[in-house]
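S.K.: Just run.cif, nothing more (mmCIF, C-alpha atoms):
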data_upload
loop_
_atom_site.label_atom_id
_atom_site.label_comp_id
_atom_site.auth_asym_id
_atom_site.auth_seq_id
_atom_site.Cartn_x
_atom_site.Cartn_y
_atom_site.Cartn_z
CA MET A 1 110.28 87.56 96.21
CA GLU A 2 109.85 87.59 92.46
CA VAL A 3 107.72 90.40 91.03
CA ILE A 4 105.94 89.53 87.78
CA LYS A 5 104.47 92.22 85.52
CA THR A 6 101.01 91.66 84.06
CA ALA A 7 99.32 93.03 80.92
CA ILE A 8 98.41 96.07 83.03
CA PRO A 9 101.79 97.32 84.32
CA ASP A 10 100.45 98.62 87.65
CA VAL A 11 98.96 95.22 88.58
CA LEU A 12 101.69 92.91 89.84
CA ILE A 13 102.01 89.27 90.76
CA PHE A 14 104.21 88.54 93.76
CA LYS A 15 105.74 85.07 93.72
CA PRO A 16 107.25 84.31 97.12
CA LYS A 17 110.30 82.17 97.73
CA ILE A 18 109.10 78.99 99.44
CA TRP A 19 111.28 77.07 101.87
CA GLY A 20 109.93 73.56 102.21
CA ASP A 21 110.90 70.14 103.45
CA GLU A 22 109.25 67.00 104.83
CA ARG A 23 107.77 69.08 107.69
CA GLY A 24 105.92 71.51 105.42
CA TYR A 25 106.83 74.96 104.16
CA PHE A 26 107.56 78.56 105.15
CA TYR A 27 107.36 81.82 103.21
CA GLU A 28 107.06 85.53 103.84
CA SER A 29 103.57 86.67 102.82
CA PHE A 30 104.26 90.36 103.42
CA ARG A 31 107.28 92.57 103.77
CA GLN A 32 107.11 96.37 103.61
CA GLN A 33 110.47 96.43 101.82
CA TRP A 34 108.88 94.89 98.68
CA PHE A 35 106.72 97.96 98.25
CA ASP A 36 109.50 100.37 99.20
CA ASP A 37 111.80 98.78 96.60
CA LEU A 38 109.10 99.31 93.95
CA ASP A 39 108.62 102.95 95.02
CA LEU A 40 105.02 102.23 96.00
CA ASN A 41 103.87 104.42 98.84
CA VAL A 42 101.89 101.72 100.65
CA SER A 43 100.46 101.65 104.13
CA PHE A 44 98.04 98.84 104.92
CA VAL A 45 95.27 99.63 107.42
CA GLN A 46 92.88 96.67 107.20
CA ASP A 47 93.07 92.91 106.61
CA ASN A 48 90.08 90.99 105.23
CA GLN A 49 89.32 87.31 104.85
CA SER A 50 86.48 85.68 102.94
CA SER A 51 85.27 82.11 102.50
CA SER A 52 83.25 80.99 99.48
CA GLN A 53 82.08 77.84 97.74
CA LYS A 54 82.64 76.74 94.15
CA ASN A 55 81.14 79.01 91.44
CA VAL A 56 80.69 81.96 93.78
CA VAL A 57 81.56 85.18 91.99
CA ARG A 58 82.28 88.14 94.24
CA GLY A 59 82.66 91.55 92.69
CA LEU A 60 83.68 93.46 90.87
CA HIS A 61 83.93 95.85 93.85
CA TYR A 62 85.58 99.22 94.38
CA GLN A 63 85.25 102.39 96.43
CA ILE A 64 84.71 105.50 94.32
CA GLN A 65 86.20 107.65 97.08
CA LYS A 66 88.84 106.36 99.46
CA PRO A 67 89.97 103.77 96.88
CA GLN A 68 91.56 100.65 98.29
CA ALA A 69 94.71 99.04 96.99
CA LYS A 70 94.82 95.33 97.82
CA LEU A 71 97.38 92.58 98.23
CA VAL A 72 95.36 89.39 97.66
CA ARG A 73 96.32 85.80 98.37
CA VAL A 74 94.47 82.51 98.75
CA ILE A 75 95.01 80.48 101.91
CA ALA A 76 92.71 77.56 100.98
CA GLY A 77 91.52 76.36 97.57
CA GLU A 78 91.77 78.27 94.30
CA VAL A 79 90.18 81.33 92.72
CA PHE A 80 90.36 83.23 89.47
CA ASP A 81 91.14 86.75 90.70
CA VAL A 82 90.37 89.80 88.53
CA ALA A 83 91.39 93.46 88.57
CA VAL A 84 89.68 95.96 86.22
CA ASP A 85 91.26 99.35 85.52
CA LEU A 86 88.70 102.09 86.25
CA ARG A 87 91.08 105.03 85.85
CA LYS A 88 89.59 107.03 82.96
CA SER A 89 92.96 108.68 82.22
CA SER A 90 94.79 105.33 82.01
CA PRO A 91 95.74 103.78 78.66
CA THR A 92 94.40 100.47 80.07
CA PHE A 93 91.02 101.89 81.18
CA GLY A 94 88.35 99.17 81.06
CA GLN A 95 90.91 96.39 80.65
CA SER A 96 91.35 93.57 83.13
CA VAL A 97 93.90 91.12 84.42
CA GLY A 98 92.87 87.67 85.62
CA VAL A 99 95.17 85.41 87.63
CA HIS A 100 94.67 81.99 89.20
CA LEU A 101 95.61 82.30 92.86
CA SER A 102 95.69 79.21 95.03
CA ALA A 103 96.94 77.87 98.32
CA ALA A 104 99.18 75.61 96.24
CA ASN A 105 100.84 78.25 94.02
CA LYS A 106 101.00 80.88 96.81
CA LEU A 107 100.93 83.74 94.28
CA MET A 108 99.78 87.13 95.51
CA LEU A 109 98.12 89.82 93.39
CA TRP A 110 98.85 93.52 93.95
CA ILE A 111 95.86 95.60 92.86
CA PRO A 112 96.56 99.35 93.06
CA PRO A 113 93.97 102.05 93.84
CA GLY A 114 91.64 102.84 90.96
CA PHE A 115 90.75 99.24 90.15
CA ALA A 116 87.65 97.11 90.67
CA HIS A 117 88.35 93.69 92.18
CA GLY A 118 86.51 90.40 92.03
CA PHE A 119 87.01 86.67 91.92
CA SER A 120 85.35 83.38 91.11
CA VAL A 121 85.95 80.22 93.12
CA VAL A 122 87.19 77.32 90.99
CA SER A 123 87.83 74.80 93.79
CA GLU A 124 85.11 73.29 96.00
CA HIS A 125 85.89 75.92 98.63
CA ALA A 126 88.31 78.83 98.86
CA GLU A 127 89.49 81.33 101.43
CA LEU A 128 90.99 84.66 100.44
CA TYR A 129 93.06 86.86 102.65
CA TYR A 130 93.85 90.40 101.57
CA LYS A 131 95.45 93.51 102.91
CA CYS A 132 93.88 96.91 102.12
CA THR A 133 95.37 100.40 102.09
CA GLU A 134 92.10 102.12 102.99
CA TYR A 135 89.30 101.31 105.41
CA TYR A 136 86.04 99.95 104.08
CA ALA A 137 83.66 102.87 103.47
CA PRO A 138 80.18 101.54 102.64
CA GLU A 139 78.95 104.94 101.45
CA PHE A 140 81.53 104.84 98.62
CA ASP A 141 81.17 101.12 97.83
CA ARG A 142 80.33 100.40 94.19
CA SER A 143 79.92 97.26 92.06
CA LEU A 144 80.81 96.77 88.42
CA LEU A 145 78.82 94.09 86.58
CA TRP A 146 80.93 90.93 86.63
CA ASN A 147 79.83 89.79 83.15
CA ASP A 148 79.61 93.14 81.33
CA PRO A 149 80.42 92.27 77.70
CA ALA A 150 82.54 95.43 77.48
CA LEU A 151 84.96 93.89 79.98
CA ASN A 152 85.30 90.56 78.13
CA ILE A 153 86.41 88.69 81.25
CA GLN A 154 86.75 84.96 80.64
CA TRP A 155 85.45 83.63 83.96
CA PRO A 156 86.26 79.91 84.41
CA LEU A 157 82.76 78.76 85.34
CA ASP A 158 82.67 75.67 83.08
CA GLY A 159 79.06 76.33 82.10
CA ALA A 160 77.83 76.55 85.70
CA GLU A 161 75.59 79.36 86.86
CA PRO A 162 77.51 81.76 89.10
CA ILE A 163 76.37 82.26 92.67
CA LEU A 164 75.98 86.02 93.17
CA SER A 165 74.90 88.37 95.94
CA ALA A 166 71.98 90.76 95.45
CA LYS A 167 74.54 93.60 95.39
CA ASP A 168 76.45 91.99 92.53
CA LEU A 169 73.26 91.21 90.60
CA ALA A 170 72.43 94.94 90.72
CA ALA A 171 75.92 96.07 89.65
CA LYS A 172 76.40 98.60 86.84
CA ARG A 173 77.94 98.15 83.44
CA LEU A 174 81.19 99.98 82.77
CA ALA A 175 79.37 102.50 80.53
CA ASP A 176 77.12 103.49 83.48
CA ALA A 177 79.55 103.10 86.38
CA GLU A 178 81.24 105.84 88.33
CA VAL A 179 84.95 105.72 87.52
CA TYR A 180 88.12 107.49 88.61
CA ALA A 181 89.56 110.52 86.81
#
Rewrite the structure from the file as structure tokens, please.
M.R.:
Amino acid sequence: MEVIKTAIPDVLIFKPKIWGDERGYFYESFRQQWFDDLDLNVSFVQDNQSSSQKNVVRGLHYQIQKPQAKLVRVIAGEVFDVAVDLRKSSPTFGQSVGVHLSAANKLMLWIPPGFAHGFSVVSEHAELYYKCTEYYAPEFDRSLLWNDPALNIQWPLDGAEPILSAKDLAAKRLADAEVYA
């Protein structure tokens, strides 16, 4: 497993070693030792999977209490996956990292606690699979406005209108959002 640093040092890209031949491929998509070697105290408690069509934007979601760290990968299609630092005390507060994750490139994105997470689907269809370190707690669920100009996220929508949920349409701008200390 290759670990790639991003512009926000706590957000990591995991690039697995792929063993492939004429039959197909094999790779390890999770190993506790990766996190132990990085001195990350990680215990996953919930796995999630979502399916979306092209131009769907989901997020930017976070839990203000019981924050979830996530290990995100795409098992079908391609997405542009985004993590936004919501830790007020962080030197990268309000900054984001965006990574193209796909079934073809098999990259995984590690998003630590204290970040909002979202993605846009760039293929006709995509399925995400992600591991979480905390259970979903709807009472603490929050949404950050996906297109807040303060975030300056360059979503690859190619001029198309994004398909959003009512929750994401009502999301707050960074200036008005609850954030972490």
S.K.: Rounded to one decimal in Å, what is the spacing between CA of Ala160 in chain A and CA of His100 in chain A?
M.R.: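 Those two atoms sit 18.0 Å apart.
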S.K.: Where does range 25-68 of chain A meet range 119-140 of chain A within 7 Å, residue by residue, with the nearest atom pair and distance in Å to one decimal for each, counting all atoms listed in the file, listed by chain and rising number, as a tab-separated table?
M.R.:
residue	atom	partner	partner_atom	distance
A:Val42	CA	A:Thr133	CA	6.8
A:Ser43	CA	A:Thr133	CA	5.6
A:Phe44	CA	A:Thr133	CA	4.2
A:Val45	CA	A:Thr133	CA	5.4
A:Gln46	CA	A:Cys132	CA	5.2
A:Asp47	CA	A:Lys131	CA	4.4
A:Asn48	CA	A:Tyr130	CA	5.3
A:Gln49	CA	A:Tyr129	CA	4.4
A:Ser50	CA	A:Leu128	CA	5.3
A:Ser51	CA	A:Glu127	CA	4.4
A:Ser52	CA	A:Ala126	CA	5.5
A:Gln53	CA	A:His125	CA	4.4
A:Lys54	CA	A:Glu124	CA	4.6
A:Asn55	CA	A:Val121	CA	5.2
A:Val56	CA	A:Ser120	CA	5.6
A:Val57	CA	A:Ser120	CA	4.3
A:Arg58	CA	A:Phe119	CA	5.5
A:Gly59	CA	A:Phe119	CA	6.6
A:Gln63	CA	A:Phe140	CA	5.0
A:Ile64	CA	A:Phe140	CA	5.4
A:Gln65	CA	A:Phe140	CA	5.7
A:Lys66	CA	A:Glu134	CA	6.4
A:Pro67	CA	A:Glu134	CA	6.7
A:Gln68	CA	A:Glu134	CA	5.0
S.K.: What would the selection look like, as JSON, numbers by chain, if the PyMOL selection byres ((chain A and resi 165) around 12) were run on the coordinates I just shared?
M.R.: {"A": [52, 56, 57, 58, 59, 60, 61, 143, 145, 146, 162, 163, 164, 166, 167, 168, 169, 170, 171]}
S.K.: Please evaluate the PyMOL selection byres ((chain A and resi 147-155) around 9) against the displayed coordinates and give the resulting residues as a list of chain:residue names.
M.R.: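 After applying the PyMOL selection byres ((chain A and resi 147-155) around 9), what remains is A:Phe80, A:Val82, A:Val84, A:Gly94, A:Gln95, A:Ser96, A:Val97, A:Gly98, A:Phe119, A:Ser120, A:Leu144, A:Leu145, A:Trp146, A:Pro156, A:Leu157, A:Asp158, A:Lys172, A:Arg173, A:Leu174, A:Ala175.
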S.K.: One decimal, in Å: what's the spacing between CA of Asp37 in chain A and CA of Ile18 in chain A?
M.R.: 20.2 Å
